[in-house]
file protein.pdb (PDB, C-alpha atoms)
ATOM      1  CA  MET L   1       8.420 -23.314   1.375  1.00  0.00           C
ATOM      2  CA  THR L   2       5.547 -21.422  -0.228  1.00  0.00           C
ATOM      3  CA  ARG L   3       5.203 -17.741   0.465  1.00  0.00           C
ATOM      4  CA  GLN L   4       2.267 -16.502   2.525  1.00  0.00           C
ATOM      5  CA  ARG L   5      -0.364 -15.052   0.210  1.00  0.00           C
ATOM      6  CA  LEU L   6      -1.989 -11.757   1.173  1.00  0.00           C
ATOM      7  CA  ILE L   7      -4.940 -10.257  -0.706  1.00  0.00           C
ATOM      8  CA  LEU L   8      -5.483  -6.521  -1.058  1.00  0.00           C
ATOM      9  CA  ALA L   9      -9.150  -5.656  -1.582  1.00  0.00           C
ATOM     10  CA  THR L  10      -8.676  -3.531  -4.675  1.00  0.00           C
ATOM     11  CA  ARG L  11      -8.601  -3.773  -8.452  1.00  0.00           C
ATOM     12  CA  ASN L  12      -6.306  -0.722  -8.575  1.00  0.00           C
ATOM     13  CA  ALA L  13      -2.868  -1.867  -9.740  1.00  0.00           C
ATOM     14  CA  GLY L  14      -1.283   1.303  -8.330  1.00  0.00           C
ATOM     15  CA  LYS L  15      -2.413   0.456  -4.793  1.00  0.00           C
ATOM     16  CA  ILE L  16      -1.021  -3.071  -5.087  1.00  0.00           C
ATOM     17  CA  THR L  17       2.336  -1.734  -6.305  1.00  0.00           C
ATOM     18  CA  GLU L  18       2.416   0.775  -3.444  1.00  0.00           C
ATOM     19  CA  LEU L  19       1.723  -1.782  -0.705  1.00  0.00           C
ATOM     20  CA  HIS L  20       4.088  -4.320  -2.282  1.00  0.00           C
ATOM     21  CA  ALA L  21       6.930  -1.763  -2.223  1.00  0.00           C
ATOM     22  CA  ILE L  22       6.246  -0.885   1.412  1.00  0.00           C
ATOM     23  CA  LEU L  23       6.204  -4.541   2.492  1.00  0.00           C
ATOM     24  CA  ALA L  24       9.354  -5.282   0.476  1.00  0.00           C
ATOM     25  CA  ASP L  25      11.168  -2.280   1.992  1.00  0.00           C
ATOM     26  CA  ALA L  26      10.311  -3.730   5.414  1.00  0.00           C
ATOM     27  CA  GLY L  27      11.811  -7.092   4.410  1.00  0.00           C
ATOM     28  CA  LEU L  28       8.443  -8.877   4.280  1.00  0.00           C
ATOM     29  CA  ASP L  29       8.394 -11.361   1.406  1.00  0.00           C
ATOM     30  CA  LEU L  30       4.698 -11.980   0.790  1.00  0.00           C
ATOM     31  CA  ASP L  31       2.750 -13.035  -2.295  1.00  0.00           C
ATOM     32  CA  LEU L  32       0.572  -9.934  -2.581  1.00  0.00           C
ATOM     33  CA  VAL L  33      -2.341 -10.102  -5.013  1.00  0.00           C
ATOM     34  CA  GLY L  34      -5.356  -7.920  -5.717  1.00  0.00           C
ATOM     35  CA  ALA L  35      -9.041  -8.820  -5.736  1.00  0.00           C
ATOM     36  CA  ASP L  36      -8.700  -9.499  -9.484  1.00  0.00           C
ATOM     37  CA  ALA L  37      -7.103 -12.809  -8.537  1.00  0.00           C
ATOM     38  CA  TYR L  38     -10.538 -13.883  -7.254  1.00  0.00           C
ATOM     39  CA  PRO L  39     -13.005 -12.479  -9.824  1.00  0.00           C
ATOM     40  CA  GLU L  40     -15.812 -14.722  -8.567  1.00  0.00           C
ATOM     41  CA  ILE L  41     -15.973 -12.790  -5.284  1.00  0.00           C
ATOM     42  CA  PRO L  42     -18.373  -9.823  -5.530  1.00  0.00           C
ATOM     43  CA  ASP L  43     -17.456  -6.341  -4.329  1.00  0.00           C
ATOM     44  CA  VAL L  44     -18.540  -5.564  -0.778  1.00  0.00           C
ATOM     45  CA  LYS L  45     -21.076  -2.824  -0.088  1.00  0.00           C
ATOM     46  CA  GLU L  46     -19.510  -0.101   2.059  1.00  0.00           C
ATOM     47  CA  THR L  47     -22.270   0.241   4.641  1.00  0.00           C
ATOM     48  CA  GLY L  48     -20.057   1.367   7.549  1.00  0.00           C
ATOM     49  CA  VAL L  49     -20.232   4.878   8.981  1.00  0.00           C
ATOM     50  CA  THR L  50     -16.461   5.286   9.433  1.00  0.00           C
ATOM     51  CA  PHE L  51     -13.428   4.611   7.244  1.00  0.00           C
ATOM     52  CA  ALA L  52     -12.357   1.890   9.708  1.00  0.00           C
ATOM     53  CA  GLU L  53     -15.734   0.107   9.537  1.00  0.00           C
ATOM     54  CA  ASN L  54     -15.705   0.088   5.743  1.00  0.00           C
ATOM     55  CA  ALA L  55     -12.116  -1.177   5.598  1.00  0.00           C
ATOM     56  CA  LEU L  56     -12.953  -3.974   8.058  1.00  0.00           C
ATOM     57  CA  LEU L  57     -16.096  -4.959   6.127  1.00  0.00           C
ATOM     58  CA  LYS L  58     -14.074  -5.415   2.944  1.00  0.00           C
ATOM     59  CA  ALA L  59     -11.135  -7.173   4.613  1.00  0.00           C
ATOM     60  CA  HIS L  60     -13.317  -9.646   6.538  1.00  0.00           C
ATOM     61  CA  ALA L  61     -15.444 -10.437   3.484  1.00  0.00           C
ATOM     62  CA  LEU L  62     -12.364 -11.252   1.398  1.00  0.00           C
ATOM     63  CA  ALA L  63     -10.708 -13.258   4.181  1.00  0.00           C
ATOM     64  CA  GLN L  64     -13.865 -15.323   4.713  1.00  0.00           C
ATOM     65  CA  ALA L  65     -14.390 -15.929   0.993  1.00  0.00           C
ATOM     66  CA  THR L  66     -10.810 -17.004   0.268  1.00  0.00           C
ATOM     67  CA  GLY L  67      -9.543 -18.428   3.564  1.00  0.00           C
ATOM     68  CA  LEU L  68      -6.542 -16.099   3.259  1.00  0.00           C
ATOM     69  CA  PRO L  69      -5.449 -12.974   5.149  1.00  0.00           C
ATOM     70  CA  ALA L  70      -6.797  -9.835   3.517  1.00  0.00           C
ATOM     71  CA  VAL L  71      -6.031  -6.124   3.638  1.00  0.00           C
ATOM     72  CA  ALA L  72      -8.526  -3.402   2.707  1.00  0.00           C
ATOM     73  CA  ASP L  73      -8.494   0.355   2.963  1.00  0.00           C
ATOM     74  CA  ASP L  74     -11.044   3.137   2.872  1.00  0.00           C
ATOM     75  CA  SER L  75     -10.218   6.786   2.534  1.00  0.00           C
ATOM     76  CA  GLY L  76     -11.632  10.196   1.812  1.00  0.00           C
ATOM     77  CA  LEU L  77     -11.400  13.939   2.267  1.00  0.00           C
ATOM     78  CA  CYS L  78     -12.462  15.528   5.553  1.00  0.00           C
ATOM     79  CA  VAL L  79     -13.096  19.292   5.522  1.00  0.00           C
ATOM     80  CA  ASP L  80     -12.981  21.069   8.887  1.00  0.00           C
ATOM     81  CA  VAL L  81     -15.644  23.676   8.100  1.00  0.00           C
ATOM     82  CA  LEU L  82     -17.989  20.896   6.905  1.00  0.00           C
ATOM     83  CA  ASN L  83     -17.552  18.977  10.188  1.00  0.00           C
ATOM     84  CA  GLY L  84     -15.494  16.281   8.479  1.00  0.00           C
ATOM     85  CA  ALA L  85     -17.584  15.896   5.314  1.00  0.00           C
ATOM     86  CA  PRO L  86     -17.469  14.588   2.617  1.00  0.00           C
ATOM     87  CA  GLY L  87     -15.674  11.895   4.674  1.00  0.00           C
ATOM     88  CA  ILE L  88     -16.928   8.388   3.864  1.00  0.00           C
ATOM     89  CA  PHE L  89     -19.112   9.913   1.130  1.00  0.00           C
ATOM     90  CA  SER L  90     -16.110  11.418  -0.720  1.00  0.00           C
ATOM     91  CA  ALA L  91     -16.422   9.175  -3.789  1.00  0.00           C
ATOM     92  CA  ARG L  92     -20.155   9.881  -4.151  1.00  0.00           C
ATOM     93  CA  TRP L  93     -20.453  13.432  -2.807  1.00  0.00           C
ATOM     94  CA  SER L  94     -22.258  14.664  -5.942  1.00  0.00           C
ATOM     95  CA  GLY L  95     -24.620  11.691  -5.925  1.00  0.00           C
ATOM     96  CA  THR L  96     -22.870   9.565  -8.552  1.00  0.00           C
ATOM     97  CA  HIS L  97     -20.181   7.193  -7.305  1.00  0.00           C
ATOM     98  CA  GLY L  98     -16.765   7.852  -8.783  1.00  0.00           C
ATOM     99  CA  ASP L  99     -17.582  11.056 -10.706  1.00  0.00           C
ATOM    100  CA  ASP L 100     -14.419  12.895  -9.618  1.00  0.00           C
ATOM    101  CA  LYS L 101     -15.144  16.073 -11.576  1.00  0.00           C
ATOM    102  CA  ALA L 102     -18.702  16.453 -10.278  1.00  0.00           C
ATOM    103  CA  ASN L 103     -17.603  15.735  -6.700  1.00  0.00           C
ATOM    104  CA  LEU L 104     -14.804  18.303  -6.944  1.00  0.00           C
ATOM    105  CA  ASN L 105     -16.990  20.982  -8.496  1.00  0.00           C
ATOM    106  CA  LEU L 106     -19.743  20.520  -5.912  1.00  0.00           C
ATOM    107  CA  LEU L 107     -17.287  20.786  -3.022  1.00  0.00           C
ATOM    108  CA  LEU L 108     -15.673  23.920  -4.475  1.00  0.00           C
ATOM    109  CA  ALA L 109     -19.119  25.474  -4.918  1.00  0.00           C
ATOM    110  CA  GLN L 110     -20.019  24.681  -1.310  1.00  0.00           C
ATOM    111  CA  LEU L 111     -16.806  26.335  -0.117  1.00  0.00           C
ATOM    112  CA  SER L 112     -16.811  29.275  -2.533  1.00  0.00           C
ATOM    113  CA  ASP L 113     -17.380  31.904   0.196  1.00  0.00           C
ATOM    114  CA  ILE L 114     -15.009  30.320   2.734  1.00  0.00           C
ATOM    115  CA  ALA L 115     -11.841  32.343   3.379  1.00  0.00           C
ATOM    116  CA  ASP L 116      -8.385  30.781   3.120  1.00  0.00           C
ATOM    117  CA  GLU L 117      -7.867  30.624   6.887  1.00  0.00           C
ATOM    118  CA  HIS L 118     -10.936  28.393   7.252  1.00  0.00           C
ATOM    119  CA  ARG L 119     -10.146  25.957   4.403  1.00  0.00           C
ATOM    120  CA  ALA L 120      -8.250  23.374   6.468  1.00  0.00           C
ATOM    121  CA  ALA L 121      -8.846  19.761   5.462  1.00  0.00           C
ATOM    122  CA  HIS L 122      -7.152  16.392   5.520  1.00  0.00           C
ATOM    123  CA  PHE L 123      -7.164  13.143   3.638  1.00  0.00           C
ATOM    124  CA  ALA L 124      -7.804  10.188   5.971  1.00  0.00           C
ATOM    125  CA  CYS L 125      -7.212   6.496   5.347  1.00  0.00           C
ATOM    126  CA  ALA L 126      -8.011   3.441   7.441  1.00  0.00           C
ATOM    127  CA  ALA L 127      -6.267   0.189   6.513  1.00  0.00           C
ATOM    128  CA  ALA L 128      -7.497  -3.100   7.960  1.00  0.00           C
ATOM    129  CA  LEU L 129      -5.950  -6.563   8.098  1.00  0.00           C
ATOM    130  CA  ALA L 130      -8.350  -9.463   8.691  1.00  0.00           C
ATOM    131  CA  LEU L 131      -7.565 -13.157   9.079  1.00  0.00           C
ATOM    132  CA  PRO L 132      -9.965 -15.998   8.261  1.00  0.00           C
ATOM    133  CA  ASP L 133     -10.288 -16.766  12.013  1.00  0.00           C
ATOM    134  CA  GLY L 134     -11.772 -13.310  12.626  1.00  0.00           C
ATOM    135  CA  THR L 135      -8.612 -11.642  13.950  1.00  0.00           C
ATOM    136  CA  GLU L 136      -8.557  -7.997  12.885  1.00  0.00           C
ATOM    137  CA  ARG L 137      -6.382  -4.909  13.169  1.00  0.00           C
ATOM    138  CA  VAL L 138      -6.964  -1.371  11.905  1.00  0.00           C
ATOM    139  CA  VAL L 139      -4.432   1.424  11.455  1.00  0.00           C
ATOM    140  CA  GLU L 140      -4.952   4.944  10.170  1.00  0.00           C
ATOM    141  CA  GLY L 141      -3.037   7.629   8.321  1.00  0.00           C
ATOM    142  CA  ARG L 142      -3.706  11.317   7.661  1.00  0.00           C
ATOM    143  CA  MET L 143      -2.384  14.001   5.348  1.00  0.00           C
ATOM    144  CA  GLU L 144      -3.158  17.503   6.581  1.00  0.00           C
ATOM    145  CA  GLY L 145      -3.554  20.430   4.217  1.00  0.00           C
ATOM    146  CA  THR L 146      -5.671  23.300   2.969  1.00  0.00           C
ATOM    147  CA  LEU L 147      -8.083  23.536   0.060  1.00  0.00           C
ATOM    148  CA  ARG L 148      -7.353  25.682  -2.971  1.00  0.00           C
ATOM    149  CA  HIS L 149     -10.108  27.689  -4.681  1.00  0.00           C
ATOM    150  CA  GLU L 150      -9.331  26.209  -8.105  1.00  0.00           C
ATOM    151  CA  PRO L 151      -8.034  22.767  -9.149  1.00  0.00           C
ATOM    152  CA  THR L 152      -4.356  22.629 -10.142  1.00  0.00           C
ATOM    153  CA  GLY L 153      -2.293  19.740 -11.512  1.00  0.00           C
ATOM    154  CA  THR L 154      -3.057  16.624 -13.507  1.00  0.00           C
ATOM    155  CA  ASN L 155      -1.567  13.812 -11.398  1.00  0.00           C
ATOM    156  CA  GLY L 156      -3.600  11.824  -8.902  1.00  0.00           C
ATOM    157  CA  PHE L 157      -7.373  11.608  -8.805  1.00  0.00           C
ATOM    158  CA  GLY L 158     -10.384  12.608  -6.733  1.00  0.00           C
ATOM    159  CA  TYR L 159      -9.755  15.725  -4.679  1.00  0.00           C
ATOM    160  CA  ASP L 160      -5.969  15.748  -5.276  1.00  0.00           C
ATOM    161  CA  PRO L 161      -6.116  18.891  -7.482  1.00  0.00           C
ATOM    162  CA  ILE L 162      -7.477  21.065  -4.639  1.00  0.00           C
ATOM    163  CA  LEU L 163      -5.666  19.783  -1.523  1.00  0.00           C
ATOM    164  CA  GLN L 164      -2.350  21.506  -0.837  1.00  0.00           C
ATOM    165  CA  PRO L 165      -0.472  19.375   1.724  1.00  0.00           C
ATOM    166  CA  ALA L 166       0.831  21.156   4.820  1.00  0.00           C
ATOM    167  CA  GLY L 167       4.344  22.470   4.227  1.00  0.00           C
ATOM    168  CA  ARG L 168       4.026  22.292   0.434  1.00  0.00           C
ATOM    169  CA  THR L 169       3.387  25.005  -2.146  1.00  0.00           C
ATOM    170  CA  VAL L 170       1.713  22.685  -4.661  1.00  0.00           C
ATOM    171  CA  THR L 171      -1.387  20.472  -4.657  1.00  0.00           C
ATOM    172  CA  CYS L 172      -1.360  16.680  -4.401  1.00  0.00           C
ATOM    173  CA  ALA L 173      -2.076  16.593  -8.143  1.00  0.00           C
ATOM    174  CA  GLU L 174       1.192  18.445  -8.810  1.00  0.00           C
ATOM    175  CA  LEU L 175       3.304  15.925  -6.889  1.00  0.00           C
ATOM    176  CA  THR L 176       4.916  12.919  -8.571  1.00  0.00           C
ATOM    177  CA  PRO L 177       3.484   9.557  -7.490  1.00  0.00           C
ATOM    178  CA  ALA L 178       6.645   8.912  -5.431  1.00  0.00           C
ATOM    179  CA  GLU L 179       6.417  12.302  -3.706  1.00  0.00           C
ATOM    180  CA  LYS L 180       2.751  11.766  -2.943  1.00  0.00           C
ATOM    181  CA  ASN L 181       3.230   8.213  -1.622  1.00  0.00           C
ATOM    182  CA  ALA L 182       5.918   9.452   0.769  1.00  0.00           C
ATOM    183  CA  ILE L 183       3.495  11.798   2.547  1.00  0.00           C
ATOM    184  CA  SER L 184       0.047  10.451   1.669  1.00  0.00           C
ATOM    185  CA  HIS L 185      -2.594   9.219   4.073  1.00  0.00           C
ATOM    186  CA  ARG L 186      -2.636   5.822   2.346  1.00  0.00           C
ATOM    187  CA  GLY L 187       1.143   5.570   2.378  1.00  0.00           C
ATOM    188  CA  LYS L 188       1.154   6.326   6.116  1.00  0.00           C
ATOM    189  CA  ALA L 189      -1.600   3.791   6.806  1.00  0.00           C
ATOM    190  CA  PHE L 190       0.093   1.088   4.720  1.00  0.00           C
ATOM    191  CA  ARG L 191       3.412   1.731   6.491  1.00  0.00           C
ATOM    192  CA  ALA L 192       1.610   1.493   9.851  1.00  0.00           C
ATOM    193  CA  LEU L 193       0.395  -1.951   8.737  1.00  0.00           C
ATOM    194  CA  VAL L 194       3.963  -3.296   8.534  1.00  0.00           C
ATOM    195  CA  PRO L 195       4.325  -4.198  12.235  1.00  0.00           C
ATOM    196  CA  VAL L 196       0.807  -5.681  12.189  1.00  0.00           C
ATOM    197  CA  VAL L 197       1.639  -7.881   9.194  1.00  0.00           C
ATOM    198  CA  ARG L 198       4.917  -8.878  10.840  1.00  0.00           C
ATOM    199  CA  GLU L 199       3.089  -9.808  14.054  1.00  0.00           C
ATOM    200  CA  LEU L 200       0.290 -11.811  12.464  1.00  0.00           C
ATOM    201  CA  LEU L 201       1.770 -13.252   9.275  1.00  0.00           C
ATOM    202  CA  ALA L 202       5.580 -13.319   9.357  1.00  0.00           C
TER     203      ALA L 202
END

call {"tool": "encode", "arguments": {"input": "protein.pdb", "output": "structure tokens"}}
result
Amino acid sequence: MTRQRLILATRNAGKITELHAILADAGLDLDLVGADAYPEIPDVKETGVTFAENALLKAHALAQATGLPAVADDSGLCVDVLNGAPGIFSARWSGTHGDDKANLNLLLAQLSDIADEHRAAHFACAAALALPDGTERVVEGRMEGTLRHEPTGTNGFGYDPILQPAGRTVTCAELTPAEKNAISHRGKAFRALVPVVRELLA
């Protein structure tokens, strides 16, 4: 009996490893592959206005193109005093997509006069599962915290060096990958996907 194949809409090997571990821990034996397994399929434009919409866009596009169930996620940093921004624009906050340093520096500059008690923020992640027949499910995860005034730590990426998770004395960039996965927004969203995967695929 061949294993059910599940595609994760990413070319990030770390994300694939993370989801694979979560599914395996839950006793779900699936053939999980990344988008690299289907290089002919172009990346999907993230035109949604919420994390959930963007995750669904990517998952549906991959499911339709391959005829296989697909998982996609979208995530970002939401700052209370900025009414939830950068939000879906987190990766391109400075104007250039994926320029982590520029994004970080711009955000710190925007918040330079904001006192510690008003620097609450959270990382949010929406994870979507889509089937070729159009069935869809979305789950979400959050990691609450506060923003430091200066970046600290060299692990992680994006805004990790300035978000100090609630209950911790260090930033996300000072946590080990295992420590971060245990409390992260993506880890929570992926774990919330387990019952959905079990319902629809197992």

call {"tool": "closest_residue", "arguments": {"input": "protein.pdb", "among": "L:Glu117, L:Glu179, L:Asp73, L:Asp133", "to": "Leu147 of chain L", "atoms": "only C-alpha atoms"}}
result
L:Glu117

call {"tool": "axis_aligned_box", "arguments": {"input": "protein.pdb", "around": "segment 152-169 of chain L", "padding_each_side": "3 Å", "output": "AutoDock Vina command-line options"}}
result
--center_x -3.0 --center_y 18.3 --center_z -4.3 --size_x 20.7 --size_y 19.4 --size_z 24.3

call {"tool": "closest_residue", "arguments": {"input": "protein.pdb", "among": "L:Asp29, L:Leu163, L:Val71, L:Ala128", "to": "Thr2 of chain L", "atoms": "only C-alpha atoms"}}
result
L:Asp29

call {"tool": "resolve_selection", "arguments": {"input": "protein.pdb", "expression": "the PyMOL selection byres ((chain L and resi 52-57) around 9)", "output": "PyMOL selection string"}}
result
chain L and resi 9+44-51+58-62+71-75+88+125-130+136-140

call {"tool": "closest_residue", "arguments": {"input": "protein.pdb", "among": "L:Gly84, L:Gly158, L:Gly34, L:Pro39", "to": "His97 of chain L", "atoms": "all atoms listed in the file"}}
result
L:Gly158

call {"tool": "closest_residue", "arguments": {"input": "protein.pdb", "among": "L:Phe89, L:Ala202, L:Gly153, L:Ile7", "to": "Thr66 of chain L", "atoms": "all atoms listed in the file"}}
result
L:Ile7

call {"tool": "closest_residue", "arguments": {"input": "protein.pdb", "among": "L:Arg191, L:Arg186, L:Arg168, L:Arg142", "to": "Ala124 of chain L", "atoms": "only C-alpha atoms"}}
result
L:Arg142

call {"tool": "closest_residue", "arguments": {"input": "protein.pdb", "among": "L:Leu193, L:Ala63, L:Val79, L:Leu175", "to": "Leu19 of chain L", "atoms": "all atoms listed in the file"}}
result
L:Leu193

call {"tool": "resolve_selection", "arguments": {"input": "protein.pdb", "expression": "the PyMOL selection byres ((chain L and resi 94) around 9)", "output": "ChimeraX atom specification"}}
result
/L:90-93,95-97,99-100,102-107

call {"tool": "residues_around", "arguments": {"input": "protein.pdb", "residues": "Ala120 of chain L", "least_positions_apart": "5", "cutoff": "8 Å", "atoms": "all atoms listed in the file", "output": "PyMOL selection string"}}
result
chain L and resi 79-81+144-147

call {"tool": "atom_distance", "arguments": {"input": "protein.pdb", "atom1": "atom CA of Arg5 of chain L", "atom2": "atom CA of Ala70 of chain L"}}
result
8.9 Å

call {"tool": "atom_distance", "arguments": {"input": "protein.pdb", "atom1": "atom CA of Ala65 of chain L", "atom2": "atom CA of Glu40 of chain L"}}
result
9.7 Å

call {"tool": "atom_distance", "arguments": {"input": "protein.pdb", "atom1": "atom CA of Asp25 of chain L", "atom2": "atom CA of Ala178 of chain L"}}
result
14.2 Å

call {"tool": "resolve_selection", "arguments": {"input": "protein.pdb", "expression": "the PyMOL selection byres ((chain L and resi 18) around 12)", "output": "PyMOL selection string"}}
result
chain L and resi 8+10+12-17+19-25+32-34+177-178+180-182+184+186-191
